[in-house]
Amino acid sequence: MVKEKSLILIKHDGVARGLIGKIISRIEDIGLKIIAMKMVWANEELAKNHYKLDEEWAKNVFEKTKKARLEQGDEFQFEDYMEYGKMIQSWNINFLREGPVVAMVIEGPHAIEIIRKIVGTTEPRQSPPGTIRGDFAMTESYALANDKQRVARNLIHASDSVKNAEHEIALWFSEDELHEYSKELDKHN
Ligand code: ADP
């Protein structure tokens, strides 16, 4: 289906830095429709369900970080991708519970691909200017985060597939919190 939904979280670094409005503007400017929104301080169960340890995800995080750190001339001393994934997962769960986040569901044609494009890469240091992570968090890096034993603070979460979006939306929102309404931009989509 061309029209997709995605779960967006403005993570606590975005909330604490006062970037909620700027991030929402980017989403609206690009022509995506916000169909649900609320501020949530996640409990442990929600945080654990959102950041479930999945083998494919762990492998991807491990490979992505290893490639970046070696290319950046750093060392990468980890060997077991599941162990590495477990460490990042626990950092993510802690960070998600550090303070309230803004949760949203956005909808639009190719929403998942488009929102990930405007969000930027996982490591803000690699995110090009013009992206949310590149414009507002570029000094954040894997090196800094890993040295400090914490998550890479990259302001925003966006679902990475239709399947994951469905799962994540159901975790954060009930059916009656998702709204259907028309906007001027619908005429252009
Ligand atoms: P994305 O949010 O870009 O889809 P991932 O799903 O790969 O990224 O990872 C989830 C989150 O875990 C990232 O947004 C980031 O905050 C954190 N993260 C990923 N890799 C690392 C790492 N090597 N060090 C610290 N935090 C990381």
# chains A, B, ... in the order shown; residues from 1 in each chain; ligands from 1
$ residues_near_ligand --ligand "ligand 1" --cutoff "9 Å" --atoms "only C-alpha atoms and all ligand atoms" --output "CSV table (one decimal) with N, CA, C and O atoms, in the first residue's frame"
chain,number,residue,atom,x,y,z
A,51,TYR,N,11.7,-1.8,22.9
A,51,TYR,CA,13.1,-2.2,22.5
A,51,TYR,C,13.3,-3.7,22.8
A,51,TYR,O,14.1,-4.1,23.6
A,57,TRP,N,18.1,-7.3,14.5
A,57,TRP,CA,18.4,-6.0,14.9
A,57,TRP,C,19.7,-5.9,15.6
A,57,TRP,O,20.5,-5.0,15.3
A,58,ALA,N,20.0,-6.9,16.4
A,58,ALA,CA,21.3,-6.9,17.1
A,58,ALA,C,22.5,-7.0,16.1
A,58,ALA,O,23.5,-6.2,16.2
A,60,ASN,N,22.4,-6.0,13.0
A,60,ASN,CA,22.5,-4.8,12.2
A,60,ASN,C,23.2,-3.7,13.0
A,60,ASN,O,24.1,-3.0,12.5
A,61,VAL,N,22.8,-3.5,14.3
A,61,VAL,CA,23.4,-2.5,15.2
A,61,VAL,C,24.9,-2.8,15.3
A,61,VAL,O,25.7,-1.8,15.2
A,62,PHE,N,25.3,-4.0,15.5
A,62,PHE,CA,26.7,-4.4,15.7
A,62,PHE,C,27.5,-4.1,14.4
A,62,PHE,O,28.5,-3.4,14.5
A,64,LYS,N,26.7,-2.1,11.9
A,64,LYS,CA,26.6,-0.6,11.5
A,64,LYS,C,27.6,0.1,12.4
A,64,LYS,O,28.4,1.0,11.9
A,65,THR,N,27.7,-0.2,13.7
A,65,THR,CA,28.6,0.5,14.6
A,65,THR,C,30.0,0.1,14.3
A,65,THR,O,30.9,1.0,14.2
A,66,LYS,N,30.3,-1.2,14.1
A,66,LYS,CA,31.6,-1.6,13.8
A,66,LYS,C,32.2,-0.9,12.5
A,66,LYS,O,33.3,-0.4,12.6
A,69,ARG,N,32.9,2.8,13.2
A,69,ARG,CA,34.0,3.1,14.1
A,69,ARG,C,35.3,2.8,13.5
A,69,ARG,O,36.3,3.5,13.6
A,84,TYR,N,26.5,-7.5,22.2
A,84,TYR,CA,26.5,-6.0,21.9
A,84,TYR,C,25.1,-5.5,21.8
A,84,TYR,O,24.8,-4.4,22.4
A,85,GLY,N,24.3,-6.2,21.1
A,85,GLY,CA,22.9,-5.8,21.0
A,85,GLY,C,22.2,-5.7,22.3
A,85,GLY,O,21.4,-4.8,22.6
A,87,MET,N,23.5,-5.0,25.2
A,87,MET,CA,24.0,-3.8,25.9
A,87,MET,C,23.3,-2.5,25.3
A,87,MET,O,22.8,-1.7,26.1
A,88,ILE,N,23.2,-2.4,24.0
A,88,ILE,CA,22.6,-1.2,23.4
A,88,ILE,C,21.1,-1.3,23.8
A,88,ILE,O,20.5,-0.2,24.1
A,89,GLN,N,20.5,-2.4,23.8
A,89,GLN,CA,19.1,-2.5,24.2
A,89,GLN,C,18.8,-2.0,25.6
A,89,GLN,O,17.9,-1.3,25.9
A,91,TRP,N,20.7,0.0,27.3
A,91,TRP,CA,20.9,1.5,27.3
A,91,TRP,C,19.6,2.2,26.8
A,91,TRP,O,19.2,3.2,27.3
A,92,ASN,N,19.1,1.6,25.7
A,92,ASN,CA,17.8,2.2,25.1
A,92,ASN,C,16.7,2.2,26.1
A,92,ASN,O,15.9,3.2,26.1
A,95,PHE,N,17.2,4.9,28.7
A,95,PHE,CA,17.1,6.2,28.1
A,95,PHE,C,15.6,6.5,27.8
A,95,PHE,O,15.2,7.7,28.1
A,116,ARG,N,12.2,8.4,7.5
A,116,ARG,CA,13.6,8.0,7.9
A,116,ARG,C,14.6,8.8,7.1
A,116,ARG,O,15.7,9.1,7.6
A,119,VAL,N,14.9,12.1,9.0
A,119,VAL,CA,15.5,11.9,10.3
A,119,VAL,C,17.0,11.8,10.2
A,119,VAL,O,17.7,12.4,11.0
A,120,GLY,N,17.5,11.1,9.2
A,120,GLY,CA,19.0,11.0,9.0
A,120,GLY,C,19.4,9.6,9.5
A,120,GLY,O,18.6,8.7,9.7
A,121,THR,N,20.8,9.5,9.6
A,121,THR,CA,21.3,8.2,10.0
A,121,THR,C,21.3,8.0,11.5
A,121,THR,O,21.2,8.9,12.3
A,122,THR,N,21.5,6.7,11.9
A,122,THR,CA,21.5,6.4,13.4
A,122,THR,C,22.5,7.3,14.2
A,122,THR,O,22.2,7.8,15.2
A,123,GLU,N,23.7,7.3,13.6
A,123,GLU,CA,24.7,8.1,14.3
A,123,GLU,C,24.6,9.6,13.8
A,123,GLU,O,24.9,9.9,12.6
A,141,SER,N,28.0,11.2,18.7
A,141,SER,CA,28.6,10.1,17.9
A,141,SER,C,28.6,8.8,18.7
A,141,SER,O,28.4,8.7,19.9
A,142,TYR,N,28.9,7.7,18.0
A,142,TYR,CA,29.1,6.4,18.6
A,142,TYR,C,30.2,6.4,19.6
A,142,TYR,O,30.1,5.9,20.7
A,143,ALA,N,31.3,7.1,19.2
A,143,ALA,CA,32.5,7.2,20.1
A,143,ALA,C,32.1,7.8,21.4
A,143,ALA,O,32.5,7.2,22.5
A,144,LEU,N,31.4,8.9,21.4
A,144,LEU,CA,31.0,9.6,22.6
A,144,LEU,C,30.1,8.8,23.5
A,144,LEU,O,30.3,8.6,24.7
A,145,ALA,N,29.1,8.2,22.8
A,145,ALA,CA,28.1,7.4,23.5
A,145,ALA,C,28.7,6.2,24.1
A,145,ALA,O,28.5,5.9,25.3
A,146,ASN,N,29.5,5.5,23.3
A,146,ASN,CA,30.1,4.2,23.8
A,146,ASN,C,31.1,4.5,25.0
A,146,ASN,O,31.2,3.8,25.9
A,149,GLN,N,29.2,5.0,28.0
A,149,GLN,CA,28.4,3.8,28.3
A,149,GLN,C,26.9,4.2,28.2
A,149,GLN,O,26.1,4.0,29.2
A,150,ARG,N,26.5,4.9,27.2
A,150,ARG,CA,25.1,5.3,27.1
A,150,ARG,C,24.7,5.3,25.6
A,150,ARG,O,25.5,5.2,24.7
A,151,VAL,N,23.4,5.5,25.4
A,151,VAL,CA,22.8,5.4,24.1
A,151,VAL,C,23.3,6.6,23.3
A,151,VAL,O,23.6,7.7,23.8
A,152,ALA,N,23.3,6.5,21.9
A,152,ALA,CA,23.5,7.6,21.1
A,152,ALA,C,22.3,8.5,21.1
A,152,ALA,O,21.2,8.0,20.7
A,153,ARG,N,22.4,9.7,21.6
A,153,ARG,CA,21.2,10.6,21.7
A,153,ARG,C,21.0,11.3,20.4
A,153,ARG,O,21.6,12.2,20.0
A,154,ASN,N,20.0,10.7,19.7
A,154,ASN,CA,19.7,11.1,18.3
A,154,ASN,C,18.3,11.7,18.1
A,154,ASN,O,17.8,11.7,17.0
A,155,LEU,N,17.7,12.1,19.2
A,155,LEU,CA,16.4,12.9,19.2
A,155,LEU,C,15.1,12.3,18.8
A,155,LEU,O,14.1,12.7,19.3
A,156,ILE,N,15.2,11.3,17.9
A,156,ILE,CA,13.9,10.9,17.4
A,156,ILE,C,14.0,9.4,17.0
A,156,ILE,O,15.0,8.9,16.6
A,157,HIS,N,12.9,8.7,17.2
A,157,HIS,CA,12.7,7.3,16.7
A,157,HIS,C,11.7,7.3,15.6
A,157,HIS,O,10.7,8.0,15.7
A,158,ALA,N,11.9,6.6,14.6
A,158,ALA,CA,10.9,6.4,13.5
A,158,ALA,C,10.9,4.9,13.1
A,158,ALA,O,11.9,4.3,12.9
A,159,SER,N,9.7,4.3,13.0
A,159,SER,CA,9.6,2.9,12.6
A,159,SER,C,10.3,2.6,11.3
A,159,SER,O,10.4,3.5,10.4
A,160,ASP,N,10.9,1.4,11.3
A,160,ASP,CA,11.8,1.2,10.1
A,160,ASP,C,11.1,0.2,9.1
A,160,ASP,O,11.7,-0.1,8.0
$ residues_around --residues "His188 of chain A" --least-positions-apart "2" --cutoff "12 Å" --atoms "only C-alpha atoms" --output "list in words"
Gly31, Leu32, Gly108, Pro109, Ser182, Lys183, Glu184, Leu185 and Asp186 of chain A
$ residues_around --residues "Ser161 of chain A" --least-positions-apart "6" --cutoff "12 Å" --atoms "only C-alpha atoms" --output "JSON, numbers by chain"
{"A": [4, 5, 6, 7, 110, 111, 112, 113, 114, 115, 116, 167, 168, 169]}
$ write_last_selection --atoms "N, CA and C atoms" --output "mmCIF file, in the first residue's frame"
data_model
loop_
_atom_site.group_PDB
_atom_site.id
_atom_site.type_symbol
_atom_site.label_atom_id
_atom_site.label_comp_id
_atom_site.auth_asym_id
_atom_site.auth_seq_id
_atom_site.Cartn_x
_atom_site.Cartn_y
_atom_site.Cartn_z
ATOM 1 N N GLU A 4 1.123 4.884 4.173
ATOM 2 C CA GLU A 4 1.645 4.123 5.322
ATOM 3 C C GLU A 4 1.525 4.940 6.610
ATOM 4 N N LYS A 5 1.614 4.220 7.741
ATOM 5 C CA LYS A 5 1.665 4.873 9.052
ATOM 6 C C LYS A 5 3.010 4.558 9.693
ATOM 7 N N SER A 6 3.503 5.482 10.515
ATOM 8 C CA SER A 6 4.771 5.234 11.217
ATOM 9 C C SER A 6 4.663 5.776 12.640
ATOM 10 N N LEU A 7 5.295 5.081 13.585
ATOM 11 C CA LEU A 7 5.351 5.602 14.951
ATOM 12 C C LEU A 7 6.598 6.477 15.090
ATOM 13 N N HIS A 110 4.205 6.635 1.319
ATOM 14 C CA HIS A 110 5.606 6.254 1.584
ATOM 15 C C HIS A 110 6.134 6.839 2.897
ATOM 16 N N ALA A 111 5.250 6.938 3.901
ATOM 17 C CA ALA A 111 5.606 7.645 5.146
ATOM 18 C C ALA A 111 6.873 7.095 5.807
ATOM 19 N N ILE A 112 7.022 5.764 5.799
ATOM 20 C CA ILE A 112 8.160 5.172 6.517
ATOM 21 C C ILE A 112 9.487 5.560 5.871
ATOM 22 N N GLU A 113 9.527 5.439 4.551
ATOM 23 C CA GLU A 113 10.754 5.795 3.824
ATOM 24 C C GLU A 113 11.052 7.301 3.970
ATOM 25 N N ILE A 114 10.018 8.110 3.829
ATOM 26 C CA ILE A 114 10.234 9.562 3.837
ATOM 27 C C ILE A 114 10.662 10.063 5.216
ATOM 28 N N ILE A 115 10.010 9.574 6.270
ATOM 29 C CA ILE A 115 10.376 10.080 7.599
ATOM 30 C C ILE A 115 11.807 9.660 7.939
ATOM 31 N N ARG A 116 12.204 8.442 7.541
ATOM 32 C CA ARG A 116 13.574 8.004 7.850
ATOM 33 C C ARG A 116 14.598 8.837 7.081
ATOM 34 N N HIS A 167 3.303 -2.928 14.861
ATOM 35 C CA HIS A 167 3.566 -3.406 16.220
ATOM 36 C C HIS A 167 3.762 -2.217 17.181
ATOM 37 N N GLU A 168 4.563 -1.250 16.762
ATOM 38 C CA GLU A 168 4.887 -0.123 17.641
ATOM 39 C C GLU A 168 3.675 0.781 17.875
ATOM 40 N N ILE A 169 2.873 1.009 16.830
ATOM 41 C CA ILE A 169 1.685 1.867 16.984
ATOM 42 C C ILE A 169 0.737 1.235 18.006
#
$ select_by_dssp --residues "segment 6-189 of chain A" --states "alpha helix (DSSP H)" --output "number ranges by chain"
A: 12-16, 20-29, 44-50, 55-71, 81-96, 111-119, 132-137, 142-147, 162-172
$ atom_distance --atom1 "atom CA of Glu55 of chain A" --atom2 "atom CA of Ala165 of chain A"
18.0 Å
$ residues_around --residues "Lys48 of chain A" --least-positions-apart "5" --cutoff "9 Å" --atoms "only C-alpha atoms" --output "PyMOL selection string"
chain A and resi 43+53+89-90+93
$ write_last_selection --atoms "all heavy atoms" --output "mmCIF file, in the first residue's frame"
data_model
loop_
_atom_site.group_PDB
_atom_site.id
_atom_site.type_symbol
_atom_site.label_atom_id
_atom_site.label_comp_id
_atom_site.auth_asym_id
_atom_site.auth_seq_id
_atom_site.Cartn_x
_atom_site.Cartn_y
_atom_site.Cartn_z
ATOM 1 N N ASN A 43 6.632 3.380 31.138
ATOM 2 C CA ASN A 43 6.962 2.472 32.241
ATOM 3 C C ASN A 43 7.884 1.375 31.700
ATOM 4 O O ASN A 43 8.160 1.307 30.496
ATOM 5 C CB ASN A 43 5.697 1.902 32.904
ATOM 6 C CG ASN A 43 4.855 1.084 31.942
ATOM 7 O OD1 ASN A 43 5.366 0.559 30.952
ATOM 8 N ND2 ASN A 43 3.572 0.990 32.216
ATOM 9 N N LEU A 53 14.696 -7.360 22.163
ATOM 10 C CA LEU A 53 15.946 -7.841 21.562
ATOM 11 C C LEU A 53 15.628 -8.846 20.460
ATOM 12 O O LEU A 53 15.050 -9.891 20.701
ATOM 13 C CB LEU A 53 16.848 -8.468 22.626
ATOM 14 C CG LEU A 53 18.245 -8.834 22.127
ATOM 15 C CD1 LEU A 53 19.008 -7.583 21.672
ATOM 16 C CD2 LEU A 53 19.030 -9.531 23.223
ATOM 17 N N GLN A 89 20.480 -2.432 23.806
ATOM 18 C CA GLN A 89 19.066 -2.539 24.168
ATOM 19 C C GLN A 89 18.840 -2.035 25.603
ATOM 20 O O GLN A 89 17.911 -1.275 25.869
ATOM 21 C CB GLN A 89 18.608 -3.995 24.047
ATOM 22 C CG GLN A 89 17.150 -4.203 24.402
ATOM 23 C CD GLN A 89 16.899 -5.574 25.021
ATOM 24 O OE1 GLN A 89 17.794 -6.193 25.599
ATOM 25 N NE2 GLN A 89 15.689 -6.058 24.875
ATOM 26 N N SER A 90 19.727 -2.429 26.519
ATOM 27 C CA SER A 90 19.502 -1.991 27.905
ATOM 28 C C SER A 90 19.740 -0.482 28.037
ATOM 29 O O SER A 90 19.031 0.201 28.785
ATOM 30 C CB SER A 90 20.345 -2.802 28.890
ATOM 31 O OG SER A 90 21.673 -2.396 28.825
ATOM 32 N N ILE A 93 16.523 1.093 26.776
ATOM 33 C CA ILE A 93 15.406 0.990 27.732
ATOM 34 C C ILE A 93 15.573 2.043 28.845
ATOM 35 O O ILE A 93 14.628 2.744 29.187
ATOM 36 C CB ILE A 93 15.318 -0.445 28.306
ATOM 37 C CG1 ILE A 93 14.841 -1.396 27.195
ATOM 38 C CG2 ILE A 93 14.402 -0.521 29.520
ATOM 39 C CD1 ILE A 93 14.959 -2.880 27.523
#
$ closest_residue --among "A:Ser174, A:Leu96, A:Pro124, A:Tyr181" --to "His50 of chain A" --atoms "only C-alpha atoms"
A:Leu96
$ select_by_dssp --residues "chain A" --states "strand (DSSP E)" --output "count of residues only"
28
$ closest_residue --among "A:Asp13, A:Asn164, A:Val2, A:Lys86" --to "Glu140 of chain A" --atoms "only C-alpha atoms"
A:Asp13
$ atom_distance --atom1 "atom CA of Ile118 of chain A" --atom2 "atom CA of Trp172 of chain A"
22.2 Å
$ decode --residues "segment 151-166 of chain A" --atoms "all heavy atoms" --output "short mmCIF file (atom, residue, chain, number, x, y, z; two decimals), in the first residue's frame"
data_model
loop_
_atom_site.label_atom_id
_atom_site.label_comp_id
_atom_site.auth_asym_id
_atom_site.auth_seq_id
_atom_site.Cartn_x
_atom_site.Cartn_y
_atom_site.Cartn_z
N VAL A 151 23.40 5.45 25.40
CA VAL A 151 22.84 5.42 24.07
C VAL A 151 23.27 6.64 23.25
O VAL A 151 23.57 7.69 23.84
CB VAL A 151 21.30 5.34 24.25
CG1 VAL A 151 20.66 6.70 24.35
CG2 VAL A 151 20.66 4.50 23.22
N ALA A 152 23.30 6.49 21.94
CA ALA A 152 23.54 7.64 21.08
C ALA A 152 22.28 8.50 21.10
O ALA A 152 21.21 8.05 20.72
CB ALA A 152 23.85 7.18 19.66
N ARG A 153 22.43 9.73 21.58
CA ARG A 153 21.25 10.60 21.72
C ARG A 153 20.96 11.26 20.38
O ARG A 153 21.61 12.22 20.00
CB ARG A 153 21.51 11.64 22.80
CG ARG A 153 21.59 10.98 24.16
CD ARG A 153 21.77 11.97 25.27
NE ARG A 153 21.96 11.27 26.53
CZ ARG A 153 22.66 11.73 27.53
NH1 ARG A 153 23.26 12.89 27.44
NH2 ARG A 153 22.77 11.03 28.64
N ASN A 154 19.95 10.68 19.70
CA ASN A 154 19.69 11.14 18.33
C ASN A 154 18.28 11.67 18.12
O ASN A 154 17.76 11.67 17.03
CB ASN A 154 20.04 10.02 17.34
CG ASN A 154 19.30 8.73 17.63
OD1 ASN A 154 18.32 8.74 18.36
ND2 ASN A 154 19.75 7.63 17.04
N LEU A 155 17.68 12.13 19.21
CA LEU A 155 16.44 12.94 19.20
C LEU A 155 15.14 12.28 18.83
O LEU A 155 14.09 12.66 19.31
CB LEU A 155 16.60 14.18 18.27
CG LEU A 155 17.75 15.11 18.56
CD1 LEU A 155 17.89 16.11 17.41
CD2 LEU A 155 17.53 15.86 19.86
N ILE A 156 15.18 11.31 17.92
CA ILE A 156 13.91 10.85 17.36
C ILE A 156 13.97 9.39 16.99
O ILE A 156 15.02 8.88 16.56
CB ILE A 156 13.53 11.77 16.15
CG1 ILE A 156 12.23 11.35 15.47
CG2 ILE A 156 14.63 11.86 15.12
CD1 ILE A 156 11.67 12.42 14.52
N HIS A 157 12.86 8.71 17.19
CA HIS A 157 12.69 7.33 16.72
C HIS A 157 11.66 7.34 15.61
O HIS A 157 10.65 8.04 15.71
CB HIS A 157 12.20 6.43 17.87
CG HIS A 157 11.65 5.12 17.38
ND1 HIS A 157 12.47 4.03 17.15
CD2 HIS A 157 10.39 4.75 17.02
CE1 HIS A 157 11.72 3.03 16.68
NE2 HIS A 157 10.46 3.43 16.60
N ALA A 158 11.90 6.56 14.56
CA ALA A 158 10.90 6.40 13.50
C ALA A 158 10.88 4.94 13.08
O ALA A 158 11.94 4.35 12.85
CB ALA A 158 11.25 7.29 12.31
N SER A 159 9.71 4.35 12.99
CA SER A 159 9.59 2.93 12.62
C SER A 159 10.34 2.64 11.33
O SER A 159 10.36 3.47 10.41
CB SER A 159 8.12 2.55 12.39
OG SER A 159 7.33 2.92 13.48
N ASP A 160 10.95 1.44 11.26
CA ASP A 160 11.77 1.15 10.08
C ASP A 160 11.12 0.21 9.06
O ASP A 160 11.74 -0.10 8.04
CB ASP A 160 13.16 0.63 10.50
CG ASP A 160 13.08 -0.69 11.26
OD1 ASP A 160 11.97 -1.23 11.43
OD2 ASP A 160 14.15 -1.16 11.68
N SER A 161 9.91 -0.28 9.33
CA SER A 161 9.21 -1.12 8.35
C SER A 161 7.72 -1.09 8.66
O SER A 161 7.32 -0.71 9.77
CB SER A 161 9.72 -2.57 8.43
OG SER A 161 9.32 -3.15 9.67
N VAL A 162 6.92 -1.51 7.68
CA VAL A 162 5.47 -1.52 7.87
C VAL A 162 5.11 -2.44 9.04
O VAL A 162 4.30 -2.09 9.91
CB VAL A 162 4.75 -1.97 6.57
CG1 VAL A 162 3.27 -2.18 6.80
CG2 VAL A 162 5.00 -0.95 5.46
N LYS A 163 5.76 -3.61 9.08
CA LYS A 163 5.48 -4.59 10.14
C LYS A 163 5.83 -4.01 11.53
O LYS A 163 5.03 -4.09 12.46
CB LYS A 163 6.30 -5.86 9.86
CG LYS A 163 6.03 -7.01 10.77
CD LYS A 163 6.69 -8.29 10.21
CE LYS A 163 6.92 -9.28 11.32
NZ LYS A 163 8.24 -9.14 11.97
N ASN A 164 7.01 -3.43 11.64
CA ASN A 164 7.39 -2.86 12.93
C ASN A 164 6.51 -1.67 13.30
O ASN A 164 6.20 -1.46 14.48
CB ASN A 164 8.87 -2.44 12.93
CG ASN A 164 9.78 -3.65 13.00
OD1 ASN A 164 9.33 -4.75 13.37
ND2 ASN A 164 11.04 -3.49 12.64
N ALA A 165 6.11 -0.89 12.30
CA ALA A 165 5.24 0.26 12.57
C ALA A 165 3.92 -0.22 13.17
O ALA A 165 3.44 0.34 14.16
CB ALA A 165 4.99 1.05 11.29
N GLU A 166 3.34 -1.27 12.61
CA GLU A 166 2.06 -1.78 13.13
C GLU A 166 2.21 -2.21 14.58
O GLU A 166 1.39 -1.89 15.44
CB GLU A 166 1.60 -2.98 12.30
CG GLU A 166 0.88 -2.55 11.04
CD GLU A 166 0.61 -3.70 10.09
OE1 GLU A 166 0.80 -4.88 10.47
OE2 GLU A 166 0.21 -3.40 8.95
#
